[in-house]
file coords10.cif (mmCIF, C-alpha atoms)
data_work
loop_
_atom_site.label_atom_id
_atom_site.label_comp_id
_atom_site.auth_asym_id
_atom_site.auth_seq_id
_atom_site.Cartn_x
_atom_site.Cartn_y
_atom_site.Cartn_z
CA MET A 28 -17.11 22.73 33.92
CA HIS A 29 -15.52 23.94 30.70
CA ARG A 30 -11.83 24.03 29.90
CA THR A 31 -9.86 26.41 27.75
CA GLN A 32 -8.68 24.36 24.80
CA ILE A 33 -5.00 24.17 23.88
CA LYS A 34 -4.45 25.26 20.28
CA ASN A 35 -0.79 24.43 19.60
CA TYR A 36 -1.24 20.70 18.93
CA ILE A 37 -1.55 19.17 15.49
CA SER A 38 -5.24 18.43 14.90
CA SER A 39 -6.48 15.60 12.75
CA PRO A 40 -8.46 16.39 9.58
CA LEU A 41 -10.51 13.28 10.43
CA ASN A 42 -13.35 13.46 12.93
CA TYR A 43 -13.65 10.54 15.34
CA ILE A 44 -16.27 10.68 18.09
CA GLY A 45 -14.45 10.58 21.42
CA GLY A 46 -11.16 11.66 19.84
CA LYS A 47 -8.62 12.95 22.31
CA ALA A 48 -7.69 16.26 20.66
CA ARG A 49 -9.31 18.28 23.42
CA ILE A 50 -7.50 16.54 26.28
CA LEU A 51 -3.99 16.19 24.86
CA ASP A 52 -2.77 18.64 27.48
CA GLN A 53 -3.93 16.15 30.13
CA LEU A 54 -2.83 12.95 28.38
CA LEU A 55 0.65 13.74 27.11
CA PRO A 56 2.16 14.65 30.53
CA LEU A 57 1.06 11.20 31.76
CA PHE A 58 3.14 9.39 29.12
CA PRO A 59 6.71 8.33 29.98
CA GLN A 60 9.71 10.16 28.57
CA ASN A 61 12.36 8.67 26.25
CA THR A 62 9.98 6.32 24.46
CA ASP A 63 11.55 4.31 21.66
CA ILE A 64 8.37 2.91 20.06
CA PHE A 65 4.94 4.43 20.61
CA VAL A 66 2.07 2.25 19.40
CA ASP A 67 -1.22 4.04 18.77
CA LEU A 68 -3.11 0.75 18.83
CA PHE A 69 -6.54 2.13 17.90
CA CYS A 70 -5.23 5.19 16.11
CA GLY A 71 -8.48 6.57 14.64
CA GLY A 72 -7.87 10.21 13.78
CA CYS A 73 -4.25 9.95 15.03
CA ASN A 74 -4.57 12.93 17.37
CA VAL A 75 -2.51 11.25 20.08
CA GLY A 76 0.24 9.61 18.03
CA MET A 77 0.66 12.76 15.95
CA ASN A 78 1.59 14.76 19.06
CA VAL A 79 3.75 12.24 20.89
CA LYS A 80 7.54 12.35 21.08
CA ALA A 81 9.09 8.95 20.34
CA ASP A 82 11.77 7.44 18.12
CA LEU A 83 9.10 5.59 16.12
CA ILE A 84 5.32 5.96 15.99
CA ILE A 85 3.24 3.00 14.83
CA TYR A 86 -0.31 3.85 13.77
CA ASN A 87 -2.44 0.73 13.98
CA ASP A 88 -6.13 0.30 13.28
CA SER A 89 -8.16 -2.64 12.02
CA PHE A 90 -10.23 -0.31 9.80
CA LYS A 91 -8.63 -0.75 6.36
CA PRO A 92 -10.05 2.41 4.69
CA LEU A 93 -8.55 4.54 7.46
CA ILE A 94 -5.07 3.06 7.16
CA GLY A 95 -5.24 3.30 3.37
CA LEU A 96 -6.16 6.98 3.62
CA LEU A 97 -3.32 7.71 6.05
CA LYS A 98 -0.82 5.98 3.77
CA THR A 99 -2.10 8.06 0.84
CA PHE A 100 -1.64 11.29 2.79
CA ARG A 101 1.94 10.34 3.57
CA ARG A 102 2.67 9.18 0.02
CA LEU A 103 1.32 12.15 -1.95
CA LYS A 104 2.52 15.73 -2.01
CA VAL A 105 0.30 18.21 -0.19
CA GLU A 106 -0.12 20.14 -3.43
CA THR A 107 -1.36 17.00 -5.19
CA VAL A 108 -3.96 16.28 -2.51
CA LEU A 109 -5.23 19.86 -2.53
CA SER A 110 -5.33 20.00 -6.33
CA ARG A 111 -7.35 16.79 -6.56
CA LEU A 112 -9.78 17.96 -3.88
CA GLU A 113 -10.29 21.27 -5.69
CA ASN A 114 -10.93 19.37 -8.92
CA ILE A 115 -13.58 17.26 -7.19
CA VAL A 116 -15.23 20.38 -5.78
CA ASP A 117 -15.34 21.94 -9.25
CA ASP A 118 -16.32 18.76 -11.11
CA PHE A 119 -19.32 18.10 -8.86
CA GLY A 120 -20.18 21.76 -8.30
CA PHE A 121 -19.92 21.71 -4.51
CA SER A 122 -20.25 24.88 -2.48
CA LYS A 123 -17.25 27.05 -1.62
CA THR A 124 -17.96 28.85 1.63
CA ARG A 125 -14.39 30.11 1.64
CA GLU A 126 -15.61 32.43 -1.14
CA HIS A 127 -19.30 32.85 -0.35
CA SER A 128 -21.56 32.79 2.72
CA PHE A 129 -24.06 30.07 3.65
CA ALA A 130 -26.80 32.44 2.55
CA TYR A 131 -25.31 32.56 -0.95
CA TYR A 132 -26.03 28.84 -1.22
CA GLY A 133 -29.48 29.14 0.34
CA GLY A 134 -28.39 27.83 3.72
CA GLY A 135 -27.97 29.11 7.26
CA ALA A 136 -26.43 28.27 10.61
CA ASN A 137 -28.58 25.15 11.10
CA LEU A 138 -28.57 23.52 7.65
CA GLY A 139 -25.32 25.00 6.41
CA VAL A 140 -24.85 23.98 2.78
CA SER A 141 -26.41 20.51 3.11
CA LYS A 142 -29.39 21.24 0.87
CA TYR A 143 -27.21 22.76 -1.85
CA ASN A 144 -24.70 19.90 -1.78
CA ARG A 145 -27.03 16.93 -1.24
CA GLU A 146 -27.49 15.73 -4.84
CA LYS A 147 -23.87 16.48 -5.69
CA TYR A 148 -22.78 14.50 -2.67
CA LEU A 149 -24.91 11.49 -3.62
CA LYS A 150 -23.26 11.45 -7.05
CA LEU A 151 -19.82 11.60 -5.45
CA ARG A 152 -20.75 8.80 -3.07
CA GLU A 153 -22.00 6.67 -5.95
CA LYS A 154 -18.77 7.24 -7.88
CA PHE A 155 -16.69 6.28 -4.86
CA ASN A 156 -18.71 3.15 -4.06
CA ASN A 157 -18.31 1.98 -7.65
CA TYR A 158 -14.67 2.94 -8.02
CA PRO A 159 -12.78 -0.11 -9.34
CA LYS A 160 -9.37 0.34 -7.69
CA LYS A 161 -8.20 1.27 -4.21
CA ASN A 162 -5.50 3.60 -5.50
CA ASN A 163 -4.60 7.21 -4.74
CA GLU A 164 -7.72 8.51 -6.49
CA TYR A 165 -9.92 6.17 -4.47
CA TYR A 166 -8.62 7.60 -1.19
CA ILE A 167 -8.86 11.22 -2.37
CA LEU A 168 -12.49 10.53 -3.24
CA LEU A 169 -12.90 9.01 0.22
CA TYR A 170 -11.52 12.11 1.89
CA ALA A 171 -13.80 14.32 -0.21
CA LEU A 172 -16.75 12.26 1.06
CA ILE A 173 -15.54 12.77 4.62
CA VAL A 174 -15.24 16.52 4.10
CA PHE A 175 -18.72 16.88 2.65
CA GLY A 176 -20.31 14.09 4.69
CA PHE A 177 -22.24 14.10 7.94
CA ASN A 178 -20.16 15.39 10.83
CA ASN A 179 -16.98 14.73 8.78
CA GLN A 180 -17.06 11.08 9.78
CA MET A 181 -16.35 7.81 7.98
CA ARG A 182 -18.79 4.90 7.93
CA PHE A 183 -19.27 1.88 5.68
CA ASN A 184 -22.19 -0.55 5.64
CA GLU A 185 -21.96 -4.35 5.68
CA ASP A 186 -21.61 -4.39 1.89
CA GLY A 187 -18.53 -2.18 2.08
CA ASN A 188 -20.25 0.94 0.76
CA PHE A 189 -19.77 4.38 2.26
CA ASN A 190 -23.23 5.27 3.57
CA LEU A 191 -23.16 8.53 5.50
CA PRO A 192 -25.51 11.33 4.33
CA VAL A 193 -24.41 14.81 3.32
CA GLY A 194 -23.06 17.17 5.98
CA LYS A 195 -23.48 20.87 6.68
CA ARG A 196 -19.97 22.03 5.83
CA ASP A 197 -17.61 21.99 2.87
CA PHE A 198 -13.88 22.20 2.16
CA ASN A 199 -13.41 25.47 4.01
CA LYS A 200 -10.21 27.18 5.07
CA VAL A 201 -10.23 25.67 8.56
CA ILE A 202 -10.39 22.10 7.26
CA GLU A 203 -7.79 22.86 4.59
CA ALA A 204 -5.38 24.28 7.17
CA LYS A 205 -5.79 21.18 9.37
CA LEU A 206 -5.18 18.92 6.39
CA ILE A 207 -2.02 20.74 5.29
CA LYS A 208 -0.52 20.77 8.77
CA PHE A 209 -1.41 17.12 9.34
CA ILE A 210 0.10 15.88 6.08
CA HIS A 211 3.30 17.86 6.61
CA ALA A 212 3.63 16.38 10.11
CA LEU A 213 2.90 12.86 8.88
CA LYS A 214 5.68 13.18 6.28
CA THR A 215 8.29 14.42 8.75
CA GLN A 216 7.44 12.03 11.55
CA ASN A 217 9.26 8.70 11.77
CA CYS A 218 6.18 6.53 11.57
CA MET A 219 4.77 3.38 10.05
CA PHE A 220 1.28 1.94 9.58
CA SER A 221 -0.27 -1.35 10.62
CA CYS A 222 -3.75 -2.70 9.91
CA LYS A 223 -4.18 -5.43 12.49
CA ASP A 224 -6.77 -6.48 15.01
CA PHE A 225 -5.24 -5.65 18.40
CA ARG A 226 -5.07 -9.37 19.16
CA ARG A 227 -2.79 -9.91 16.14
CA PHE A 228 -0.53 -6.90 16.37
CA LYS A 229 3.16 -7.88 16.50
CA TYR A 230 4.10 -6.86 20.03
CA ASP A 231 7.38 -8.78 19.92
CA ILE A 232 9.18 -5.73 18.46
CA LEU A 233 8.55 -3.72 21.64
CA THR A 234 10.97 -3.09 24.49
CA PRO A 235 10.62 -1.91 28.11
CA ASN A 236 11.06 1.63 26.72
CA SER A 237 8.05 1.27 24.42
CA LEU A 238 4.49 2.41 25.14
CA VAL A 239 1.26 0.93 23.83
CA TYR A 240 -1.53 3.50 23.92
CA CYS A 241 -5.07 2.17 23.62
CA ASP A 242 -8.14 4.24 22.85
CA PRO A 243 -10.59 1.46 21.95
CA PRO A 244 -14.31 1.84 21.30
CA TYR A 245 -15.94 2.37 24.67
CA LEU A 246 -18.19 -0.49 25.70
CA ILE A 247 -20.83 1.72 27.33
CA THR A 248 -20.96 4.58 24.80
CA ARG A 249 -22.61 4.86 21.41
CA ALA A 250 -20.71 6.11 18.38
CA THR A 251 -20.37 5.42 14.66
CA TYR A 252 -17.49 2.98 15.25
CA ASN A 253 -19.48 1.04 17.86
CA GLU A 254 -22.69 0.41 15.96
CA ASN A 255 -23.99 -3.11 15.29
CA GLU A 256 -21.91 -4.57 18.11
CA GLY A 257 -18.71 -3.12 16.71
CA TRP A 258 -17.15 -3.64 20.14
CA THR A 259 -18.37 -6.44 22.39
CA GLU A 260 -17.72 -7.71 25.90
CA ASN A 261 -15.48 -10.39 24.38
CA ASP A 262 -13.40 -7.68 22.69
CA GLU A 263 -13.20 -5.80 25.98
CA ARG A 264 -12.10 -8.90 27.86
CA ASP A 265 -9.52 -9.83 25.21
CA LEU A 266 -8.04 -6.33 25.41
CA TYR A 267 -7.68 -6.59 29.20
CA ASN A 268 -5.93 -9.95 28.77
CA LYS A 269 -3.60 -8.49 26.17
CA LEU A 270 -2.70 -5.57 28.44
CA ASP A 271 -2.09 -7.95 31.33
CA LEU A 272 0.29 -9.90 29.12
CA LEU A 273 2.12 -6.74 28.09
CA SER A 274 2.51 -5.79 31.73
CA LYS A 275 3.82 -9.25 32.56
CA ASN A 276 6.43 -8.78 29.81
CA LYS A 277 7.48 -5.38 31.22
CA ILE A 278 5.91 -3.41 28.34
CA LYS A 279 4.24 -0.15 29.31
CA PHE A 280 0.64 0.54 28.36
CA ALA A 281 -1.83 3.39 28.75
CA LEU A 282 -5.56 2.75 28.30
CA SER A 283 -8.14 5.48 27.74
CA ASN A 284 -11.67 4.59 28.79
CA VAL A 285 -14.68 5.66 30.83
CA LEU A 286 -15.77 4.11 34.11
CA ARG A 287 -19.23 5.69 33.87
CA HIS A 288 -21.09 7.52 31.15
CA GLU A 289 -24.62 8.90 31.07
CA GLY A 290 -25.83 6.70 33.89
CA LYS A 291 -24.10 3.54 32.65
CA GLU A 292 -21.21 1.84 34.42
CA ASN A 293 -18.48 -0.29 32.88
CA THR A 294 -18.49 -2.96 35.56
CA MET A 295 -16.01 -5.11 33.62
CA LEU A 296 -13.46 -2.31 33.60
CA ILE A 297 -14.01 -1.42 37.25
CA GLN A 298 -13.59 -5.04 38.36
CA TRP A 299 -10.46 -5.43 36.23
CA ILE A 300 -8.89 -2.34 37.80
CA GLN A 301 -9.78 -3.48 41.31
CA GLN A 302 -8.06 -6.81 40.72
CA ARG A 303 -4.85 -5.22 39.40
CA ASP A 304 -2.24 -2.82 40.69
CA TYR A 305 -2.61 -0.39 37.81
CA ASN A 306 -2.76 3.39 38.16
CA VAL A 307 -5.98 5.27 37.39
CA HIS A 308 -5.69 8.91 36.34
CA LYS A 309 -8.93 10.86 36.22
CA LEU A 310 -9.38 13.22 33.28
CA PHE A 311 -11.93 15.79 32.27
CA MET A 312 -13.54 15.15 28.90
CA ASP A 313 -16.38 17.45 27.86
CA TYR A 314 -18.62 15.22 25.75
CA HIS A 315 -21.10 18.07 25.44
CA TYR A 316 -19.49 19.01 22.13
CA SER A 317 -18.87 15.51 20.79
CA ASN A 318 -22.27 15.13 19.14
CA TYR A 319 -24.59 18.03 18.49
CA GLN A 320 -27.60 15.69 18.44
CA LYS A 321 -27.22 14.72 22.09
CA LYS A 322 -30.24 15.60 24.20
CA ILE A 323 -28.24 15.37 27.42
CA LYS A 324 -26.41 18.66 27.65
CA HIS A 325 -24.30 17.83 30.68
CA ALA A 326 -23.21 14.24 30.19
CA ASP A 327 -21.94 12.55 33.34
CA SER A 328 -18.74 10.91 32.14
CA ASP A 329 -15.90 9.57 34.26
CA GLU A 330 -12.98 9.60 31.79
CA VAL A 331 -9.76 7.90 32.92
CA LEU A 332 -6.31 6.88 31.75
CA ILE A 333 -5.17 3.55 33.17
CA THR A 334 -1.43 2.87 33.18
CA ASN A 335 0.86 0.09 34.40
CA TYR A 336 3.74 2.43 35.19
#
call {"tool": "encode", "arguments": {"input": "coords10.cif", "output": "structure tokens"}}
result
Amino acid sequence: MHRTQIKNYISSPLNYIGGKARILDQLLPLFPQNTDIFVDLFCGGCNVGMNVKADLIIYNDSFKPLIGLLKTFRRLKVETVLSRLENIVDDFGFSKTREHSFAYYGGGANLGVSKYNREKYLKLREKFNNYPKKNNEYYILLYALIVFGFNNQMRFNEDGNFNLPVGKRDFNKVIEAKLIKFIHALKTQNCMFSCKDFRRFKYDILTPNSLVYCDPPYLITRATYNENEGWTENDERDLYNKLDLLSKNKIKFALSNVLRHEGKENTMLIQWIQQRDYNVHKLFMDYHYSNYQKKIKHADSDEVLITNY
């Protein structure tokens, strides 16, 4: 089964595996109307929060580089961000496929411009990892790494160094258009940022008209954010307990997750649902396009949205 994708939503310029951009047309109608505070508790690329209607949007994520980058986008003028990115492209001599074809840079459909950009990218990565201050320039360098990095993702090692290899694409017109639209929307939206573990987020500001949306790392899937036990059974259990507490306090929540994926079953989630009176909405999520390295072309995934309203 393949769905026709909706194109009129604001897409994130950040690529998060399992992001919900492709199913916004299924998710958004399941959210309540007249929301005062919408909490995107694991905001990631912000695809959901960016397209929600609420009096206030709170983007929360425990990943500090992400929140710092989002704050930088909101703080700087679009023209400033674009100018700095263009300077980085010129200073390091990166490819410009908006002006020339892959073939011009010795690449093709499979390798793209990875071979041409590899050494330039390593120099950029070294500069970023040794940058002394986490200021505006630091985060522009970070976004440049994301643009030219593998699959446009963001990953740091245990030493705090960005460690993804070079990617196949560059700062092309499609990515630029996404970035411009995203920054403009971020500036006009009534939003704020929070960098808290979900257990420490300040839920006491919420009301019965608020909604906490959770798109946590999925316990039974593998992705960049879930490597090296990035999300454990204890995290999963603590999140269920937190959602139970919200429900007890009459605060609405919506949880994205998968019951089954590629032959695995989230028994913890299934048991939790069976013991509660929450609603389970089945969704269609085509993971076939989430990772081009997947060997399974038709992944069996049971995507759901669990709500307490």
call {"tool": "closest_residue", "arguments": {"input": "coords10.cif", "among": "A:Glu164, A:Glu330, A:Asp271, A:Asp82", "to": "Thr107 (chain A)", "atoms": "all atoms listed in the file"}}
result
A:Glu164
call {"tool": "residues_around", "arguments": {"input": "coords10.cif", "residues": "Asp262 (chain A)", "least_positions_apart": "5", "cutoff": "10 Å", "atoms": "only C-alpha atoms", "output": "ChimeraX atom specification"}}
result
/A:225-226,243-244,246,257,267-268
call {"tool": "residues_around", "arguments": {"input": "coords10.cif", "residues": "Tyr143 (chain A)", "least_positions_apart": "4", "cutoff": "8 Å", "atoms": "all atoms listed in the file", "output": "list in words"}}
result
Phe121, Ser122, Tyr132, Gly133 and Gly134 of chain A
call {"tool": "write_last_selection", "arguments": {"input": "coords10.cif", "atoms": "C-alpha atoms", "output": "short mmCIF file (atom, residue, chain, number, x, y, z; two decimals), in the coordinates of the input"}}
result
data_model
loop_
_atom_site.label_atom_id
_atom_site.label_comp_id
_atom_site.auth_asym_id
_atom_site.auth_seq_id
_atom_site.Cartn_x
_atom_site.Cartn_y
_atom_site.Cartn_z
CA PHE A 121 -19.92 21.71 -4.51
CA SER A 122 -20.25 24.88 -2.48
CA TYR A 132 -26.03 28.84 -1.22
CA GLY A 133 -29.48 29.14 0.34
CA GLY A 134 -28.39 27.83 3.72
#
call {"tool": "atom_distance", "arguments": {"input": "coords10.cif", "atom1": "CA of Asn335 (chain A)", "atom2": "CA of Ile37 (chain A)"}}
result
27.0 Å
call {"tool": "resolve_selection", "arguments": {"input": "coords10.cif", "expression": "the PyMOL selection byres ((chain A and resi 96-101) around 9)", "output": "ChimeraX atom specification"}}
result
/A:91-95,102-105,108,162-163,165-167,169-170,209-211,213-214,219-220
call {"tool": "residues_around", "arguments": {"input": "coords10.cif", "residues": "Lys123 (chain A)", "least_positions_apart": "4", "cutoff": "9 Å", "atoms": "all atoms listed in the file", "output": "ChimeraX atom specification"}}
result
/A:116,127-128,132,197-199
call {"tool": "write_last_selection", "arguments": {"input": "coords10.cif", "atoms": "C-alpha atoms", "output": "CSV table (one decimal), keeping the file's coordinate frame"}}
result
chain,number,residue,atom,x,y,z
A,116,VAL,CA,-15.2,20.4,-5.8
A,127,HIS,CA,-19.3,32.8,-0.4
A,128,SER,CA,-21.6,32.8,2.7
A,132,TYR,CA,-26.0,28.8,-1.2
A,197,ASP,CA,-17.6,22.0,2.9
A,198,PHE,CA,-13.9,22.2,2.2
A,199,ASN,CA,-13.4,25.5,4.0
call {"tool": "build_atoms", "arguments": {"input": "coords10.cif", "residues": "region 135-146 of chain A", "atoms": "all heavy atoms", "output": "CSV table (one decimal), keeping the file's coordinate frame"}}
result
chain,number,residue,atom,x,y,z
A,135,GLY,N,-28.1,28.3,6.1
A,135,GLY,CA,-28.0,29.1,7.3
A,135,GLY,C,-27.2,28.4,8.3
A,135,GLY,O,-26.5,27.4,8.0
A,136,ALA,N,-27.2,28.9,9.5
A,136,ALA,CA,-26.4,28.3,10.6
A,136,ALA,C,-26.8,26.8,10.9
A,136,ALA,O,-26.0,26.0,11.2
A,136,ALA,CB,-26.6,29.1,11.9
A,137,ASN,N,-28.1,26.5,10.8
A,137,ASN,CA,-28.6,25.2,11.1
A,137,ASN,C,-28.3,24.1,10.0
A,137,ASN,O,-27.7,23.1,10.2
A,137,ASN,CB,-30.1,25.2,11.4
A,137,ASN,CG,-30.4,25.9,12.7
A,137,ASN,OD1,-29.5,25.9,13.6
A,137,ASN,ND2,-31.5,26.5,12.8
A,138,LEU,N,-28.7,24.4,8.8
A,138,LEU,CA,-28.6,23.5,7.6
A,138,LEU,C,-27.2,23.7,6.9
A,138,LEU,O,-26.8,22.7,6.2
A,138,LEU,CB,-29.7,23.7,6.6
A,138,LEU,CG,-31.1,23.3,7.1
A,138,LEU,CD1,-32.1,23.7,6.1
A,138,LEU,CD2,-31.2,21.8,7.5
A,139,GLY,N,-26.6,24.8,7.1
A,139,GLY,CA,-25.3,25.0,6.4
A,139,GLY,C,-25.5,24.9,4.9
A,139,GLY,O,-26.5,25.5,4.4
A,140,VAL,N,-24.7,24.1,4.2
A,140,VAL,CA,-24.8,24.0,2.8
A,140,VAL,C,-25.3,22.6,2.4
A,140,VAL,O,-25.2,22.1,1.3
A,140,VAL,CB,-23.5,24.3,2.1
A,140,VAL,CG1,-23.2,25.7,2.1
A,140,VAL,CG2,-22.4,23.4,2.7
A,141,SER,N,-26.0,21.9,3.3
A,141,SER,CA,-26.4,20.5,3.1
A,141,SER,C,-27.4,20.4,2.0
A,141,SER,O,-27.3,19.5,1.1
A,141,SER,CB,-27.0,19.9,4.4
A,141,SER,OG,-28.1,20.7,4.8
A,142,LYS,N,-28.4,21.3,1.9
A,142,LYS,CA,-29.4,21.2,0.9
A,142,LYS,C,-28.8,21.5,-0.5
A,142,LYS,O,-29.0,20.8,-1.5
A,142,LYS,CB,-30.5,22.3,1.1
A,142,LYS,CG,-31.6,22.2,0.1
A,142,LYS,CD,-32.7,23.2,0.5
A,142,LYS,CE,-33.9,23.1,-0.5
A,142,LYS,NZ,-35.0,24.1,-0.2
A,143,TYR,N,-27.9,22.4,-0.6
A,143,TYR,CA,-27.2,22.8,-1.8
A,143,TYR,C,-26.3,21.6,-2.3
A,143,TYR,O,-26.3,21.3,-3.5
A,143,TYR,CB,-26.4,24.0,-1.7
A,143,TYR,CG,-25.7,24.5,-2.9
A,143,TYR,CD1,-26.3,25.3,-3.9
A,143,TYR,CD2,-24.3,24.0,-3.2
A,143,TYR,CE1,-25.6,25.7,-5.0
A,143,TYR,CE2,-23.7,24.4,-4.4
A,143,TYR,CZ,-24.3,25.2,-5.3
A,143,TYR,OH,-23.7,25.6,-6.4
A,144,ASN,N,-25.7,20.9,-1.4
A,144,ASN,CA,-24.7,19.9,-1.8
A,144,ASN,C,-25.3,18.5,-1.9
A,144,ASN,O,-24.6,17.6,-2.3
A,144,ASN,CB,-23.5,19.9,-0.8
A,144,ASN,CG,-22.6,21.1,-1.0
A,144,ASN,OD1,-22.4,21.6,-2.1
A,144,ASN,ND2,-22.0,21.5,0.1
A,145,ARG,N,-26.5,18.3,-1.4
A,145,ARG,CA,-27.0,16.9,-1.2
A,145,ARG,C,-26.9,16.1,-2.5
A,145,ARG,O,-26.4,15.0,-2.5
A,145,ARG,CB,-28.5,17.0,-0.8
A,145,ARG,CG,-29.1,15.6,-0.5
A,145,ARG,CD,-30.4,15.6,0.2
A,145,ARG,NE,-30.3,16.1,1.5
A,145,ARG,CZ,-30.7,17.2,2.0
A,145,ARG,NH1,-31.3,18.1,1.1
A,145,ARG,NH2,-30.6,17.6,3.2
A,146,GLU,N,-27.5,16.5,-3.6
A,146,GLU,CA,-27.5,15.7,-4.8
A,146,GLU,C,-26.1,15.6,-5.4
A,146,GLU,O,-25.7,14.5,-5.9
A,146,GLU,CB,-28.4,16.4,-5.9
A,146,GLU,CG,-29.9,16.4,-5.6
A,146,GLU,CD,-30.4,15.0,-5.3
A,146,GLU,OE1,-30.0,14.1,-6.1
A,146,GLU,OE2,-31.2,14.8,-4.4
